[in-house]
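> So here's data.txt, just compact mmCIF, N, CA and C atoms:
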# COMPACT_ATOMS: atom_id res chain seq x y z
N MET A 181 99.99 89.04 126.56
CA MET A 181 101.44 89.14 126.58
C MET A 181 101.87 90.55 126.92
N HIS A 182 103.00 90.66 127.57
CA HIS A 182 103.45 91.98 127.99
C HIS A 182 104.05 92.80 126.85
N ASP A 183 104.37 92.20 125.73
CA ASP A 183 104.93 92.94 124.59
C ASP A 183 103.99 93.05 123.41
N ASP A 184 102.71 92.77 123.61
CA ASP A 184 101.75 92.84 122.52
C ASP A 184 101.71 94.22 121.88
N TRP A 185 101.92 95.25 122.68
CA TRP A 185 101.88 96.61 122.16
C TRP A 185 102.94 96.81 121.07
N LYS A 186 104.03 96.07 121.13
CA LYS A 186 105.07 96.20 120.11
C LYS A 186 104.56 95.73 118.75
N ARG A 187 103.74 94.70 118.74
CA ARG A 187 103.13 94.24 117.48
C ARG A 187 102.21 95.31 116.92
N LEU A 188 101.46 95.96 117.79
CA LEU A 188 100.57 97.02 117.34
C LEU A 188 101.37 98.22 116.84
N THR A 189 102.48 98.55 117.50
CA THR A 189 103.36 99.62 117.03
C THR A 189 103.84 99.32 115.62
N GLN A 190 104.27 98.08 115.40
CA GLN A 190 104.76 97.71 114.07
C GLN A 190 103.65 97.80 113.03
N TYR A 191 102.45 97.40 113.41
CA TYR A 191 101.30 97.50 112.51
C TYR A 191 101.06 98.96 112.11
N LEU A 192 101.14 99.87 113.07
CA LEU A 192 100.97 101.30 112.78
C LEU A 192 102.10 101.80 111.88
N THR A 193 103.32 101.44 112.24
CA THR A 193 104.50 101.89 111.50
C THR A 193 104.47 101.44 110.05
N ASP A 194 104.03 100.21 109.84
CA ASP A 194 103.99 99.66 108.49
C ASP A 194 102.93 100.31 107.60
N ARG A 195 101.91 100.91 108.20
CA ARG A 195 100.76 101.34 107.41
C ARG A 195 100.50 102.85 107.39
N LEU A 196 100.96 103.57 108.38
CA LEU A 196 100.66 105.01 108.42
C LEU A 196 101.71 105.81 107.65
N PRO A 197 101.28 106.87 106.98
CA PRO A 197 102.25 107.71 106.26
C PRO A 197 103.23 108.36 107.23
N LYS A 198 104.41 108.63 106.75
CA LYS A 198 105.45 109.23 107.60
C LYS A 198 105.05 110.60 108.13
N ASP A 199 104.18 111.28 107.42
CA ASP A 199 103.78 112.63 107.83
C ASP A 199 102.37 112.68 108.41
N VAL A 200 101.90 111.60 109.01
CA VAL A 200 100.54 111.57 109.55
C VAL A 200 100.37 112.71 110.55
N SER A 201 99.27 113.41 110.43
CA SER A 201 99.03 114.54 111.33
C SER A 201 98.63 114.05 112.72
N TYR A 202 98.88 114.88 113.70
CA TYR A 202 98.49 114.54 115.07
C TYR A 202 96.99 114.30 115.15
N ASP A 203 96.20 115.18 114.54
CA ASP A 203 94.74 115.03 114.60
C ASP A 203 94.29 113.70 114.00
N ASP A 204 94.88 113.31 112.87
CA ASP A 204 94.52 112.02 112.27
C ASP A 204 94.91 110.87 113.20
N LEU A 205 96.09 110.97 113.80
CA LEU A 205 96.54 109.92 114.70
C LEU A 205 95.64 109.83 115.94
N ALA A 206 95.24 110.98 116.47
CA ALA A 206 94.36 111.00 117.64
C ALA A 206 92.99 110.41 117.28
N GLN A 207 92.46 110.78 116.13
CA GLN A 207 91.17 110.22 115.70
C GLN A 207 91.26 108.70 115.54
N LEU A 208 92.36 108.23 114.95
CA LEU A 208 92.55 106.79 114.78
C LEU A 208 92.67 106.10 116.13
N CYS A 209 93.39 106.70 117.05
CA CYS A 209 93.55 106.13 118.38
C CYS A 209 92.20 105.98 119.08
N MET A 210 91.39 107.01 119.04
CA MET A 210 90.07 106.93 119.66
C MET A 210 89.20 105.89 118.96
N GLY A 211 89.24 105.90 117.64
CA GLY A 211 88.41 104.98 116.87
C GLY A 211 88.78 103.53 117.09
N LEU A 212 90.08 103.24 117.16
CA LEU A 212 90.52 101.87 117.38
C LEU A 212 90.10 101.37 118.75
N HIS A 213 89.91 102.28 119.67
CA HIS A 213 89.47 101.88 121.00
C HIS A 213 88.01 101.43 121.00
N VAL A 214 87.24 101.94 120.04
CA VAL A 214 85.80 101.68 120.02
C VAL A 214 85.39 100.73 118.90
N TYR A 215 86.03 100.81 117.74
CA TYR A 215 85.64 100.03 116.57
C TYR A 215 86.80 99.15 116.10
N VAL A 216 86.49 97.97 115.60
CA VAL A 216 87.53 97.10 115.06
C VAL A 216 87.35 96.84 113.56
N ASP A 217 86.46 97.58 112.92
CA ASP A 217 86.20 97.41 111.48
C ASP A 217 87.51 97.43 110.69
N GLY A 218 87.70 96.43 109.87
CA GLY A 218 88.84 96.40 108.96
C GLY A 218 90.15 95.97 109.59
N ILE A 219 90.18 95.78 110.88
CA ILE A 219 91.41 95.38 111.56
C ILE A 219 91.47 93.86 111.56
N PRO A 220 92.59 93.28 111.12
CA PRO A 220 92.69 91.82 111.09
C PRO A 220 92.40 91.21 112.47
N SER A 221 91.76 90.07 112.47
CA SER A 221 91.35 89.45 113.73
C SER A 221 92.52 89.20 114.67
N GLU A 222 93.71 88.90 114.14
CA GLU A 222 94.86 88.66 115.02
C GLU A 222 95.34 89.93 115.72
N MET A 223 94.93 91.09 115.21
CA MET A 223 95.31 92.36 115.84
C MET A 223 94.24 92.87 116.80
N GLN A 224 93.03 92.40 116.66
CA GLN A 224 91.92 92.93 117.45
C GLN A 224 92.11 92.74 118.95
N GLY A 225 92.73 91.65 119.36
CA GLY A 225 92.98 91.41 120.77
C GLY A 225 93.97 92.39 121.39
N LEU A 226 94.70 93.10 120.55
CA LEU A 226 95.68 94.08 121.03
C LEU A 226 95.05 95.44 121.27
N LEU A 227 93.79 95.58 120.91
CA LEU A 227 93.14 96.88 121.00
C LEU A 227 92.51 97.08 122.38
N ASN A 228 93.34 97.14 123.38
CA ASN A 228 92.91 97.52 124.72
C ASN A 228 93.64 98.82 125.04
N LYS A 229 93.12 99.58 125.96
CA LYS A 229 93.65 100.93 126.17
C LYS A 229 95.13 100.95 126.51
N ASP A 230 95.62 100.01 127.29
CA ASP A 230 97.03 100.03 127.68
C ASP A 230 97.96 99.72 126.52
N ASP A 231 97.68 98.64 125.79
CA ASP A 231 98.53 98.31 124.64
C ASP A 231 98.42 99.37 123.55
N GLU A 232 97.23 99.86 123.35
CA GLU A 232 97.02 100.90 122.34
C GLU A 232 97.82 102.16 122.71
N ALA A 233 97.73 102.58 123.96
CA ALA A 233 98.45 103.79 124.40
C ALA A 233 99.96 103.60 124.28
N MET A 234 100.47 102.45 124.67
CA MET A 234 101.91 102.18 124.54
C MET A 234 102.33 102.20 123.07
N ALA A 235 101.52 101.59 122.21
CA ALA A 235 101.85 101.52 120.78
C ALA A 235 101.86 102.91 120.14
N PHE A 236 100.87 103.73 120.45
CA PHE A 236 100.84 105.07 119.87
C PHE A 236 101.99 105.92 120.39
N ALA A 237 102.33 105.79 121.66
CA ALA A 237 103.46 106.53 122.23
C ALA A 237 104.76 106.12 121.54
N GLU A 238 104.97 104.83 121.37
CA GLU A 238 106.18 104.34 120.72
C GLU A 238 106.22 104.75 119.25
N PHE A 239 105.09 104.70 118.57
CA PHE A 239 105.02 105.14 117.18
C PHE A 239 105.49 106.60 117.06
N VAL A 240 104.98 107.46 117.93
CA VAL A 240 105.37 108.88 117.91
C VAL A 240 106.85 109.02 118.27
N ARG A 241 107.31 108.28 119.25
CA ARG A 241 108.72 108.35 119.67
C ARG A 241 109.65 107.99 118.51
N GLN A 242 109.26 107.02 117.70
CA GLN A 242 110.09 106.58 116.57
C GLN A 242 110.09 107.56 115.41
N ARG A 243 109.01 108.30 115.24
CA ARG A 243 108.85 109.11 114.03
C ARG A 243 109.00 110.62 114.20
N PHE A 244 108.71 111.13 115.38
CA PHE A 244 108.61 112.58 115.55
C PHE A 244 109.40 113.06 116.74
N ASP A 245 109.57 114.39 116.83
CA ASP A 245 110.24 114.96 118.00
C ASP A 245 109.20 115.31 119.07
N ASP A 246 109.69 115.82 120.19
CA ASP A 246 108.81 116.09 121.33
C ASP A 246 107.76 117.16 121.08
N SER A 247 107.93 117.96 120.05
CA SER A 247 106.95 119.02 119.79
C SER A 247 105.76 118.52 118.97
N TYR A 248 105.82 117.27 118.50
CA TYR A 248 104.74 116.71 117.68
C TYR A 248 103.42 116.77 118.44
N GLY A 249 102.43 117.38 117.82
CA GLY A 249 101.09 117.42 118.38
C GLY A 249 100.89 118.35 119.54
N TYR A 250 101.91 119.13 119.89
CA TYR A 250 101.82 119.98 121.08
C TYR A 250 100.61 120.91 121.06
N ALA A 251 100.41 121.61 119.95
CA ALA A 251 99.31 122.58 119.88
C ALA A 251 97.95 121.89 119.83
N ALA A 252 97.86 120.79 119.14
CA ALA A 252 96.58 120.12 118.95
C ALA A 252 96.15 119.27 120.15
N SER A 253 97.08 118.85 120.96
CA SER A 253 96.76 117.89 122.02
C SER A 253 95.78 118.43 123.05
N ALA A 254 95.75 119.72 123.27
CA ALA A 254 94.83 120.31 124.26
C ALA A 254 93.37 120.07 123.85
N ARG A 255 93.11 120.02 122.55
CA ARG A 255 91.73 119.77 122.09
C ARG A 255 91.22 118.42 122.55
N TYR A 256 92.14 117.51 122.81
CA TYR A 256 91.77 116.16 123.23
C TYR A 256 91.93 115.99 124.74
N GLY A 257 92.23 117.07 125.43
CA GLY A 257 92.43 116.98 126.86
C GLY A 257 93.67 116.17 127.22
N ALA A 258 94.63 116.19 126.32
CA ALA A 258 95.82 115.35 126.49
C ALA A 258 97.08 116.19 126.60
N ASN A 259 97.04 117.18 127.44
CA ASN A 259 98.20 118.05 127.54
C ASN A 259 99.00 117.88 128.84
N LEU A 260 98.70 116.85 129.61
CA LEU A 260 99.46 116.60 130.83
C LEU A 260 100.72 115.77 130.56
N ASN A 261 100.72 115.02 129.48
CA ASN A 261 101.86 114.18 129.10
C ASN A 261 102.24 114.46 127.66
N ARG A 262 103.47 114.15 127.31
CA ARG A 262 103.93 114.30 125.93
C ARG A 262 103.38 113.15 125.07
N PRO A 263 103.23 113.40 123.76
CA PRO A 263 102.74 112.34 122.87
C PRO A 263 103.64 111.10 122.81
N THR A 264 104.84 111.20 123.35
CA THR A 264 105.75 110.05 123.40
C THR A 264 105.55 109.23 124.67
N GLU A 265 104.55 109.60 125.47
CA GLU A 265 104.29 108.90 126.73
C GLU A 265 102.93 108.21 126.69
N LYS A 266 102.86 107.06 127.30
CA LYS A 266 101.63 106.27 127.36
C LYS A 266 100.48 107.09 127.92
N GLY A 267 100.72 107.86 128.97
CA GLY A 267 99.67 108.66 129.62
C GLY A 267 98.98 109.62 128.66
N HIS A 268 99.72 110.13 127.71
CA HIS A 268 99.14 111.05 126.73
C HIS A 268 98.02 110.35 125.95
N TRP A 269 98.31 109.15 125.47
CA TRP A 269 97.33 108.44 124.64
C TRP A 269 96.19 107.88 125.46
N LEU A 270 96.43 107.60 126.74
CA LEU A 270 95.33 107.24 127.63
C LEU A 270 94.37 108.41 127.77
N GLU A 271 94.93 109.64 127.83
CA GLU A 271 94.08 110.84 127.89
C GLU A 271 93.29 111.02 126.60
N VAL A 272 93.92 110.75 125.47
CA VAL A 272 93.22 110.84 124.17
C VAL A 272 92.06 109.85 124.16
N ILE A 273 92.32 108.61 124.56
CA ILE A 273 91.27 107.59 124.59
C ILE A 273 90.15 108.02 125.52
N ALA A 274 90.50 108.53 126.70
CA ALA A 274 89.48 108.95 127.67
C ALA A 274 88.65 110.11 127.15
N SER A 275 89.21 110.91 126.28
CA SER A 275 88.49 112.10 125.79
C SER A 275 87.22 111.74 125.03
N ILE A 276 87.18 110.53 124.48
CA ILE A 276 86.00 110.12 123.71
C ILE A 276 84.76 110.03 124.61
N TYR A 277 84.98 109.86 125.90
CA TYR A 277 83.87 109.69 126.84
C TYR A 277 83.47 110.99 127.54
N LYS A 278 84.13 112.09 127.21
CA LYS A 278 83.85 113.36 127.88
C LYS A 278 82.86 114.20 127.08
N ASP A 279 82.12 115.05 127.79
CA ASP A 279 81.25 116.02 127.11
C ASP A 279 82.09 116.87 126.18
N GLY A 280 81.55 117.13 125.01
CA GLY A 280 82.26 117.96 124.04
C GLY A 280 83.39 117.23 123.33
N ALA A 281 83.40 115.92 123.37
CA ALA A 281 84.45 115.14 122.70
C ALA A 281 84.49 115.50 121.23
N ILE A 282 85.68 115.52 120.67
CA ILE A 282 85.81 115.90 119.26
C ILE A 282 86.08 114.68 118.36
N PHE A 283 85.61 113.53 118.79
CA PHE A 283 85.73 112.35 117.95
C PHE A 283 84.82 112.51 116.74
N ASP A 284 85.39 112.35 115.57
CA ASP A 284 84.67 112.49 114.31
C ASP A 284 84.67 111.12 113.63
N ARG A 285 83.60 110.40 113.78
CA ARG A 285 83.51 109.03 113.27
C ARG A 285 83.75 108.96 111.77
N GLN A 286 83.22 109.90 111.00
CA GLN A 286 83.41 109.88 109.55
C GLN A 286 84.88 110.09 109.19
N ARG A 287 85.52 111.04 109.86
CA ARG A 287 86.95 111.28 109.60
C ARG A 287 87.76 110.04 109.98
N GLU A 288 87.47 109.48 111.14
CA GLU A 288 88.19 108.30 111.59
C GLU A 288 87.98 107.14 110.62
N LYS A 289 86.78 106.99 110.14
CA LYS A 289 86.47 105.92 109.19
C LYS A 289 87.28 106.08 107.90
N SER A 290 87.41 107.30 107.44
CA SER A 290 88.21 107.58 106.24
C SER A 290 89.69 107.27 106.48
N ILE A 291 90.21 107.67 107.62
CA ILE A 291 91.61 107.38 107.98
C ILE A 291 91.80 105.87 108.08
N ARG A 292 90.89 105.20 108.74
CA ARG A 292 90.98 103.75 108.93
C ARG A 292 90.95 103.02 107.60
N GLU A 293 90.09 103.46 106.67
CA GLU A 293 90.01 102.80 105.36
C GLU A 293 91.35 102.89 104.64
N LYS A 294 92.00 104.05 104.69
CA LYS A 294 93.32 104.19 104.07
C LYS A 294 94.35 103.34 104.81
N PHE A 295 94.28 103.37 106.12
CA PHE A 295 95.21 102.66 106.99
C PHE A 295 95.13 101.15 106.78
N THR A 296 93.92 100.61 106.74
CA THR A 296 93.79 99.17 106.60
C THR A 296 93.99 98.69 105.16
N ALA A 297 93.86 99.59 104.19
CA ALA A 297 94.07 99.22 102.79
C ALA A 297 95.55 99.24 102.42
N THR A 298 96.37 99.89 103.23
CA THR A 298 97.79 100.02 102.95
C THR A 298 98.51 98.72 103.25
N GLU A 299 99.33 98.31 102.31
CA GLU A 299 100.14 97.12 102.52
C GLU A 299 101.36 97.52 103.35
N PRO A 300 101.84 96.63 104.18
CA PRO A 300 103.04 96.94 104.97
C PRO A 300 104.20 97.32 104.08
N SER A 301 105.01 98.27 104.55
CA SER A 301 106.17 98.69 103.76
C SER A 301 107.37 97.81 103.99
With the file now loaded, output its structure as structure tokens.

Amino acid sequence: MHDDWKRLTQYLTDRLPKDVSYDDLAQLCMGLHVYVDGIPSEMQGLLNKDDEAMAFAEFVRQRFDDSYGYAASARYGANLNRPTEKGHWLEVIASIYKDGAIFDRQREKSIREKFTATEPS
């Protein structure tokens, strides 16, 4: 479906803290692209790079201003687009496949455990 990313945005919005750090969000974005542990089966089909990137961009657009993640985004090679744009999160996802990637599986796993244990607000 062409609006599946909206369901994923709502899933993020319902479960992530209002003050989630950019680094935590980037780690979760990369991790969701590779692992589906703890994610309900009805949401797993939404975890493709395009829907994921749209959902993360919309999540940031709803919660933060344009300066969100500006300083940290270069570490992920995601400084060509703003975090409110799909292209930004596509760059974050792509960074997992680059030499020197800063994906931290243990950190992402910890974020995911909190994220999936949280009941929707």
> Compile the contact shell of A:Ile276 as a PyMOL selection string: residues with an atom at most 10 Å away, counting only C-alpha atoms, same-chain residues fewer than 3 positions apart removed.
chain A and resi 207+210-211+213-214+256-257+271-273+279-284
> With distances taken over only N, CA and C atoms, which residue among A:Phe239, A:Asn259, A:Val216, A:Leu208 lies nearest A:Thr189?
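Among the listed residues, A:Phe239 lies closest to A:Thr189.
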> Determine the axis-aligned bounding box of all atoms of stretch 260-271 of chain A present in the file, pad each side by 8 Å, and express its centre and edge lengths in Å to one decimal place as AutoDock Vina command-line options.

--center_x 99.5 --center_y 111.6 --center_z 126.8 --size_x 28.5 --size_y 26.6 --size_z 24.0
> I need the residues in chain A that are alpha helix (DSSP H) according to DSSP; give them as an NGL selection string.
:A and (184-195 or 202-214 or 221-224 or 229-243 or 266-275 or 285-297)
> For A:Cys209, which residue out of A:Met223, A:Leu260, A:Ala251, A:Ala274 is the nearest one, using only C-alpha atoms?
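Of all the options, A:Ala274 lies closest to A:Cys209.
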> Please measure the separation of atom C of A:Val240 and atom C of A:Asp199, giving the value in Å to one decimal.
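Result for atom C of A:Val240 versus atom C of A:Asp199: 11.4 Å, one decimal.
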> Hey, which of A:Ala206, A:Ala258, A:Leu212, A:Leu270 ends up closest to A:Ala233? Count only N, CA and C atoms.
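Distance minimum relative to A:Ala233 lands on A:Leu270.
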> In Å to one decimal, how far is atom CA of A:Arg285 from atom CA of A:Gly249?
20.1 Å
> From the list A:Thr264, A:Ser290, A:Gln224, A:Thr296, which residue is nearest A:Gln242 when using all atoms listed in the file?
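For A:Gln242, the nearest of the given residues is A:Thr264.
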> Please provide the set of residues having any atom within 9 Å of A:Tyr250, restricted to only C-alpha atoms, with same-chain residues fewer than 6 positions apart removed, written as a PDB file with N, CA and C atoms, in the frame of the given file.

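Contents of around.pdb, freshly written:
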ATOM      1  N   TYR A 202      98.880 114.880 113.700  1.00  0.00           N
ATOM      2  CA  TYR A 202      98.490 114.540 115.070  1.00  0.00           C
ATOM      3  C   TYR A 202      96.990 114.300 115.150  1.00  0.00           C
ATOM      4  N   ASN A 259      97.040 117.180 127.440  1.00  0.00           N
ATOM      5  CA  ASN A 259      98.200 118.050 127.540  1.00  0.00           C
ATOM      6  C   ASN A 259      99.000 117.880 128.840  1.00  0.00           C
ATOM      7  N   ARG A 262     103.470 114.150 127.310  1.00  0.00           N
ATOM      8  CA  ARG A 262     103.930 114.300 125.930  1.00  0.00           C
ATOM      9  C   ARG A 262     103.380 113.150 125.070  1.00  0.00           C
ATOM     10  N   PRO A 263     103.230 113.400 123.760  1.00  0.00           N
ATOM     11  CA  PRO A 263     102.740 112.340 122.870  1.00  0.00           C
ATOM     12  C   PRO A 263     103.640 111.100 122.810  1.00  0.00           C
TER      13      PRO A 263
END
